[in-house]
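Peer 1: First the structure, which I've put down as structure tokens, then a few questions once you've had a look.
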Amino acid sequence: MNISENMRDDVQEVLLTEERIKARVKELGQQLSKDYAGKHPIVVCVMKGAVNFFSDLVREIDCQLELEFMGISSYGNGVKTSGIIRISKDIDTSITNRHVIIVEDIIDSGLTLKHLLKLLEQREPASIKTVCLLDKPERRQCDINPDYSGFTIPNAFVIGYGLDYAGYYRNLKYVGILDPKVYEG
Ligand code: 5GP
């Protein structure tokens, strides 16, 4: 691994600026405010990647809701999916008969979300929908699509606004493509 002291030096290309993300998050929040009016949903943050998106999104949803956090990962310290999904933290409350909104950072193969949906559906929520900041449809390995999606992006490994490489870059304010020099050679 070859990370620079200035994290911006490891960004090959800025894909989504802070302004574009902010505008889109606002739109998603307005849509969710309409769709969930009077429903008191439980909004679940899938950690850690969704944490920045989740934090901005919930403040754009203008209705009564509760926040929950779940730790789930399908990646090791690499750029390829391992296929292994691990739950490190479950939500603290019952979702039975409640409307649930899962907030994810990115859908790649779709395997993480598929697993998560299967798990949460067993708890018999009133409804369950997914919101994803980024979608890489080219990489899908199963029949899962987000109900709400921020941006469709090309097949590249991206970092920033919550998304990491080996735990780093989550604090970038934008989404960028990671320079392959960081993980190659
Ligand atoms: P999936 O199970 O859909 O293949 O993978 C979903 C998870 O893989 C995401 O929640 C995210 O943690 C990670 N992931 C997938 N693509 C990327 C990417 O381009 N950049 C980063 N940083 N993580 C990714």
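Letters A, B, ... go to the chains of the structure tokens in the order shown; residues in each chain start at 1; ligands are counted from 1 in the same order.
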Give the residue list for ligand 1 at 6 Å, counting only C-alpha atoms and all ligand atoms, as an NGL selection string, sorted by chain and then by residue number.
Peer 2: :A and (49 or 74-75 or 81 or 105-112 or 156-159 or 163-165)
Peer 1: Could you save those same residues with C-alpha atoms as a PDB file, in the first residue's frame?
Peer 2:
```pdb
ATOM      1  CA  GLY A  49     -19.294   3.685   4.433  1.00  0.00           C
ATOM      2  CA  SER A  74     -18.042  -7.493   2.565  1.00  0.00           C
ATOM      3  CA  TYR A  75     -14.618  -6.026   1.849  1.00  0.00           C
ATOM      4  CA  THR A  81     -15.331  -8.142  -3.054  1.00  0.00           C
ATOM      5  CA  ASP A 105     -22.952   3.887   0.453  1.00  0.00           C
ATOM      6  CA  ILE A 106     -22.625   1.895  -2.749  1.00  0.00           C
ATOM      7  CA  ILE A 107     -24.067  -1.139  -4.501  1.00  0.00           C
ATOM      8  CA  ASP A 108     -21.461  -3.068  -6.391  1.00  0.00           C
ATOM      9  CA  SER A 109     -22.089  -6.833  -6.738  1.00  0.00           C
ATOM     10  CA  GLY A 110     -25.271  -6.361  -4.678  1.00  0.00           C
ATOM     11  CA  LEU A 111     -24.383  -9.309  -2.432  1.00  0.00           C
ATOM     12  CA  THR A 112     -24.118  -7.233   0.748  1.00  0.00           C
ATOM     13  CA  ALA A 156     -14.066   2.158 -10.906  1.00  0.00           C
ATOM     14  CA  PHE A 157     -12.943   1.959  -7.292  1.00  0.00           C
ATOM     15  CA  VAL A 158     -14.105   5.142  -5.600  1.00  0.00           C
ATOM     16  CA  ILE A 159     -13.241   6.775  -2.295  1.00  0.00           C
ATOM     17  CA  LEU A 163     -16.022   5.424   1.226  1.00  0.00           C
ATOM     18  CA  ASP A 164     -12.601   4.103   2.145  1.00  0.00           C
ATOM     19  CA  TYR A 165      -9.580   2.277   0.922  1.00  0.00           C
TER      20      TYR A 165
END
```
Peer 1: May I have the residues within 12 Å of segment 135-149 of chain A as a count of residues only, using only C-alpha atoms and disregarding those fewer than 5 positions away in the same chain?
Peer 2: 41
Peer 1: Please identify all polymer residues within 12 Å of Ser4 of chain A, counting only C-alpha atoms, omitting same-chain residues fewer than 4 positions from it, and present them as number ranges by chain.
Peer 2: A: 8-11, 168-169, 178-179, 181-183
Peer 1: Go ahead and save the residues from that selection, with all heavy atoms, as a compact mmCIF listing (two decimals), in the first residue's frame.
Peer 2:
```
# COMPACT_ATOMS: atom_id res chain seq x y z
N ARG A 8 -5.51 14.05 -1.11
CA ARG A 8 -5.95 14.49 -2.44
C ARG A 8 -4.98 14.05 -3.55
O ARG A 8 -5.35 13.93 -4.70
CB ARG A 8 -6.17 16.00 -2.46
CG ARG A 8 -7.52 16.40 -1.84
CD ARG A 8 -7.60 17.89 -1.58
NE ARG A 8 -6.66 18.28 -0.53
CZ ARG A 8 -6.91 18.19 0.79
NH1 ARG A 8 -8.07 17.75 1.20
NH2 ARG A 8 -5.99 18.53 1.67
N ASP A 9 -3.71 13.80 -3.18
CA ASP A 9 -2.73 13.34 -4.17
C ASP A 9 -3.02 11.92 -4.65
O ASP A 9 -2.45 11.48 -5.65
CB ASP A 9 -1.32 13.38 -3.58
CG ASP A 9 -0.82 14.81 -3.38
OD1 ASP A 9 -1.43 15.73 -3.97
OD2 ASP A 9 0.15 15.00 -2.62
N ASP A 10 -3.88 11.21 -3.96
CA ASP A 10 -4.21 9.83 -4.34
C ASP A 10 -5.52 9.74 -5.13
O ASP A 10 -6.00 8.65 -5.41
CB ASP A 10 -4.29 8.95 -3.10
CG ASP A 10 -2.93 8.81 -2.42
OD1 ASP A 10 -1.92 9.04 -3.10
OD2 ASP A 10 -2.90 8.48 -1.22
N VAL A 11 -6.10 10.90 -5.43
CA VAL A 11 -7.36 10.91 -6.19
C VAL A 11 -7.02 11.10 -7.68
O VAL A 11 -6.47 12.11 -8.07
CB VAL A 11 -8.29 12.06 -5.71
CG1 VAL A 11 -9.57 12.10 -6.54
CG2 VAL A 11 -8.61 11.90 -4.24
N TYR A 168 -8.84 4.44 4.98
CA TYR A 168 -8.53 5.85 4.73
C TYR A 168 -9.49 6.50 3.72
O TYR A 168 -10.25 5.81 3.05
CB TYR A 168 -7.10 5.99 4.21
CG TYR A 168 -6.06 5.63 5.25
CD1 TYR A 168 -5.37 4.42 5.19
CD2 TYR A 168 -5.76 6.49 6.31
CE1 TYR A 168 -4.41 4.07 6.14
CE2 TYR A 168 -4.81 6.16 7.26
CZ TYR A 168 -4.15 4.94 7.18
OH TYR A 168 -3.21 4.62 8.12
N TYR A 169 -9.41 7.80 3.61
CA TYR A 169 -10.11 8.65 2.62
C TYR A 169 -11.60 8.89 2.92
O TYR A 169 -12.27 9.59 2.16
CB TYR A 169 -10.00 8.10 1.18
CG TYR A 169 -8.60 7.77 0.76
CD1 TYR A 169 -8.14 6.45 0.73
CD2 TYR A 169 -7.70 8.79 0.41
CE1 TYR A 169 -6.84 6.14 0.36
CE2 TYR A 169 -6.39 8.48 0.03
CZ TYR A 169 -5.97 7.16 0.01
OH TYR A 169 -4.70 6.87 -0.35
N LEU A 178 -9.92 6.34 -6.94
CA LEU A 178 -8.63 6.13 -6.29
C LEU A 178 -7.56 5.86 -7.36
O LEU A 178 -7.77 5.04 -8.25
CB LEU A 178 -8.71 4.94 -5.32
CG LEU A 178 -7.44 4.61 -4.54
CD1 LEU A 178 -7.04 5.73 -3.59
CD2 LEU A 178 -7.62 3.31 -3.77
N ASP A 179 -6.44 6.55 -7.24
CA ASP A 179 -5.33 6.32 -8.17
C ASP A 179 -4.80 4.90 -7.95
O ASP A 179 -4.41 4.55 -6.83
CB ASP A 179 -4.23 7.36 -7.89
CG ASP A 179 -3.20 7.39 -9.00
OD1 ASP A 179 -2.87 6.30 -9.53
OD2 ASP A 179 -2.72 8.48 -9.33
N LYS A 181 -2.09 3.66 -8.35
CA LYS A 181 -0.73 3.60 -7.79
C LYS A 181 -0.76 3.25 -6.29
O LYS A 181 0.20 2.72 -5.75
CB LYS A 181 0.01 4.94 -7.98
CG LYS A 181 -0.51 6.02 -7.04
CD LYS A 181 0.24 7.33 -7.07
CE LYS A 181 -0.36 8.22 -5.97
NZ LYS A 181 -0.21 9.62 -6.12
N VAL A 182 -1.90 3.53 -5.65
CA VAL A 182 -2.02 3.27 -4.20
C VAL A 182 -2.06 1.77 -3.91
O VAL A 182 -1.52 1.32 -2.91
CB VAL A 182 -3.29 3.97 -3.63
CG1 VAL A 182 -3.48 3.65 -2.16
CG2 VAL A 182 -3.20 5.48 -3.84
N TYR A 183 -2.71 1.02 -4.79
CA TYR A 183 -2.84 -0.41 -4.50
C TYR A 183 -2.10 -1.32 -5.46
O TYR A 183 -2.03 -2.54 -5.26
CB TYR A 183 -4.32 -0.84 -4.39
CG TYR A 183 -5.20 -0.48 -5.57
CD1 TYR A 183 -5.29 -1.30 -6.67
CD2 TYR A 183 -5.96 0.70 -5.55
CE1 TYR A 183 -6.10 -0.98 -7.74
CE2 TYR A 183 -6.79 1.03 -6.62
CZ TYR A 183 -6.86 0.19 -7.71
OH TYR A 183 -7.67 0.52 -8.77
```
Peer 1: Which residues are near Cys45 of chain A? Cut-off 12 Å, only C-alpha atoms, ignore same chain within fewer than 3 positions. Put them as an NGL selection string.
Peer 2: :A and (42 or 48-58 or 66-72 or 89-91 or 100-105 or 116 or 130-133 or 162)
Peer 1: Save the residues we just selected, N, CA and C atoms, as a compact mmCIF listing (two decimals), in the first residue's frame?
Peer 2:
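Output saved as part20.txt:
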```txt
# COMPACT_ATOMS: atom_id res chain seq x y z
N ILE A 42 -37.89 3.80 10.52
CA ILE A 42 -36.58 3.60 11.15
C ILE A 42 -35.56 3.65 10.01
N LYS A 48 -19.29 1.29 7.79
CA LYS A 48 -19.06 2.69 8.08
C LYS A 48 -19.27 3.56 6.86
N GLY A 49 -19.30 2.94 5.69
CA GLY A 49 -19.29 3.69 4.43
C GLY A 49 -20.41 4.69 4.26
N ALA A 50 -21.60 4.39 4.85
CA ALA A 50 -22.76 5.27 4.61
C ALA A 50 -22.84 6.42 5.60
N VAL A 51 -21.89 6.49 6.52
CA VAL A 51 -22.07 7.39 7.67
C VAL A 51 -22.19 8.88 7.27
N ASN A 52 -21.43 9.32 6.31
CA ASN A 52 -21.50 10.74 5.91
C ASN A 52 -22.80 11.00 5.14
N PHE A 53 -23.11 10.10 4.22
CA PHE A 53 -24.34 10.20 3.43
C PHE A 53 -25.56 10.18 4.35
N PHE A 54 -25.57 9.23 5.27
CA PHE A 54 -26.68 9.07 6.22
C PHE A 54 -26.88 10.35 7.04
N SER A 55 -25.78 10.86 7.55
CA SER A 55 -25.85 12.05 8.40
C SER A 55 -26.43 13.25 7.65
N ASP A 56 -26.02 13.42 6.40
CA ASP A 56 -26.55 14.53 5.59
C ASP A 56 -28.00 14.25 5.16
N LEU A 57 -28.26 12.99 4.78
CA LEU A 57 -29.60 12.65 4.26
C LEU A 57 -30.69 12.81 5.32
N VAL A 58 -30.47 12.29 6.51
CA VAL A 58 -31.55 12.34 7.51
C VAL A 58 -31.93 13.78 7.86
N GLU A 66 -36.72 7.52 13.23
CA GLU A 66 -35.71 7.08 14.21
C GLU A 66 -34.46 6.63 13.47
N LEU A 67 -33.32 6.78 14.13
CA LEU A 67 -32.04 6.38 13.54
C LEU A 67 -31.53 5.09 14.17
N GLU A 68 -31.01 4.20 13.33
CA GLU A 68 -30.36 2.99 13.83
C GLU A 68 -29.07 2.76 13.04
N PHE A 69 -28.17 1.99 13.63
CA PHE A 69 -26.86 1.76 13.02
C PHE A 69 -26.57 0.27 12.95
N MET A 70 -26.00 -0.12 11.83
CA MET A 70 -25.68 -1.53 11.64
C MET A 70 -24.28 -1.64 11.03
N GLY A 71 -23.51 -2.55 11.55
CA GLY A 71 -22.16 -2.76 11.01
C GLY A 71 -22.14 -4.00 10.16
N ILE A 72 -21.80 -3.85 8.89
CA ILE A 72 -21.76 -4.99 7.97
C ILE A 72 -20.67 -4.72 6.94
N LYS A 89 -22.16 -5.26 14.01
CA LYS A 89 -23.07 -4.61 14.95
C LYS A 89 -24.50 -4.69 14.42
N ASP A 90 -25.40 -5.21 15.24
CA ASP A 90 -26.80 -5.29 14.82
C ASP A 90 -27.54 -4.05 15.32
N ILE A 91 -28.72 -3.79 14.75
CA ILE A 91 -29.52 -2.66 15.23
C ILE A 91 -30.07 -2.98 16.63
N VAL A 100 -38.94 0.47 7.33
CA VAL A 100 -37.48 0.53 7.45
C VAL A 100 -36.87 1.08 6.16
N ILE A 101 -35.92 1.99 6.33
CA ILE A 101 -35.16 2.51 5.18
C ILE A 101 -33.70 2.18 5.44
N ILE A 102 -33.10 1.39 4.56
CA ILE A 102 -31.68 1.06 4.71
C ILE A 102 -30.85 2.04 3.88
N VAL A 103 -29.88 2.66 4.52
CA VAL A 103 -29.02 3.62 3.82
C VAL A 103 -27.64 3.01 3.62
N GLU A 104 -27.28 2.83 2.35
CA GLU A 104 -26.00 2.21 1.97
C GLU A 104 -25.15 3.22 1.20
N ASP A 105 -23.85 3.02 1.22
CA ASP A 105 -22.95 3.89 0.45
C ASP A 105 -22.98 3.56 -1.04
N LEU A 116 -28.33 -8.51 3.59
CA LEU A 116 -28.91 -7.65 4.63
C LEU A 116 -30.44 -7.64 4.55
N THR A 130 -34.50 0.52 0.17
CA THR A 130 -33.07 0.83 0.23
C THR A 130 -32.75 2.14 -0.48
N VAL A 131 -31.84 2.88 0.13
CA VAL A 131 -31.34 4.13 -0.47
C VAL A 131 -29.83 3.96 -0.60
N CYS A 132 -29.33 4.20 -1.79
CA CYS A 132 -27.91 4.05 -2.03
C CYS A 132 -27.35 5.32 -2.61
N LEU A 133 -26.23 5.80 -2.11
CA LEU A 133 -25.64 7.00 -2.71
C LEU A 133 -25.15 6.69 -4.13
N GLY A 162 -17.23 9.10 2.91
CA GLY A 162 -17.57 7.88 3.65
C GLY A 162 -16.91 6.63 3.12
```
Peer 1: Identify, with DSSP run on backbone atoms, the residues in segment 20-166 of chain A assigned to strand (DSSP E or B), and express the list as a tab-separated table (two decimals) with C-alpha atoms, in the first residue's frame.
Peer 2:
```tsv
chain	number	residue	atom	x	y	z
A	42	ILE	CA	-36.58	3.60	11.15
A	43	VAL	CA	-33.63	4.76	9.05
A	44	VAL	CA	-30.71	2.34	9.22
A	45	CYS	CA	-27.14	3.47	8.55
A	46	VAL	CA	-24.93	0.71	7.17
A	47	MET	CA	-21.55	1.48	8.67
A	66	GLU	CA	-35.71	7.08	14.21
A	67	LEU	CA	-32.04	6.38	13.54
A	68	GLU	CA	-30.36	2.99	13.83
A	69	PHE	CA	-26.86	1.76	13.02
A	70	MET	CA	-25.68	-1.53	11.64
A	71	GLY	CA	-22.16	-2.76	11.01
A	72	ILE	CA	-21.76	-4.99	7.97
A	73	SER	CA	-18.84	-5.50	5.65
A	86	ARG	CA	-19.75	-10.07	8.42
A	87	ILE	CA	-22.18	-8.40	10.81
A	88	SER	CA	-20.19	-6.57	13.43
A	89	LYS	CA	-23.07	-4.61	14.95
A	99	HIS	CA	-41.22	0.96	7.99
A	100	VAL	CA	-37.48	0.53	7.45
A	101	ILE	CA	-35.16	2.51	5.18
A	102	ILE	CA	-31.68	1.06	4.71
A	103	VAL	CA	-29.02	3.62	3.82
A	104	GLU	CA	-26.00	2.21	1.97
A	105	ASP	CA	-22.95	3.89	0.45
A	106	ILE	CA	-22.63	1.89	-2.75
A	107	ILE	CA	-24.07	-1.14	-4.50
A	127	SER	CA	-41.92	-2.36	4.62
A	128	ILE	CA	-38.26	-2.22	3.75
A	129	LYS	CA	-36.64	0.04	1.13
A	130	THR	CA	-33.07	0.83	0.23
A	131	VAL	CA	-31.34	4.13	-0.47
A	132	CYS	CA	-27.91	4.05	-2.03
A	133	LEU	CA	-25.64	7.00	-2.71
A	134	LEU	CA	-23.81	5.24	-5.55
A	135	ASP	CA	-24.73	2.45	-7.91
A	148	TYR	CA	-33.61	5.20	-4.29
A	149	SER	CA	-30.22	5.89	-5.84
A	150	GLY	CA	-28.06	9.02	-5.74
A	151	PHE	CA	-25.79	8.49	-8.73
A	152	THR	CA	-25.01	5.76	-11.23
A	158	VAL	CA	-14.11	5.14	-5.60
A	159	ILE	CA	-13.24	6.78	-2.29
A	160	GLY	CA	-14.41	9.74	-0.24
A	163	LEU	CA	-16.02	5.42	1.23
A	165	TYR	CA	-9.58	2.28	0.92
```
Peer 1: In segment 8-175 of chain A, what's alpha helix (DSSP H) per DSSP? Answer as a count of residues only?
Peer 2: 37
Peer 1: Kindly give the distance, in Å, that separates atom CA of Ser33 of chain A and atom CA of Leu119 of chain A, rounded to a single decimal.
Peer 2: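 If I compute the distance from atom CA of Ser33 of chain A to atom CA of Leu119 of chain A, I get 25.9 Å.
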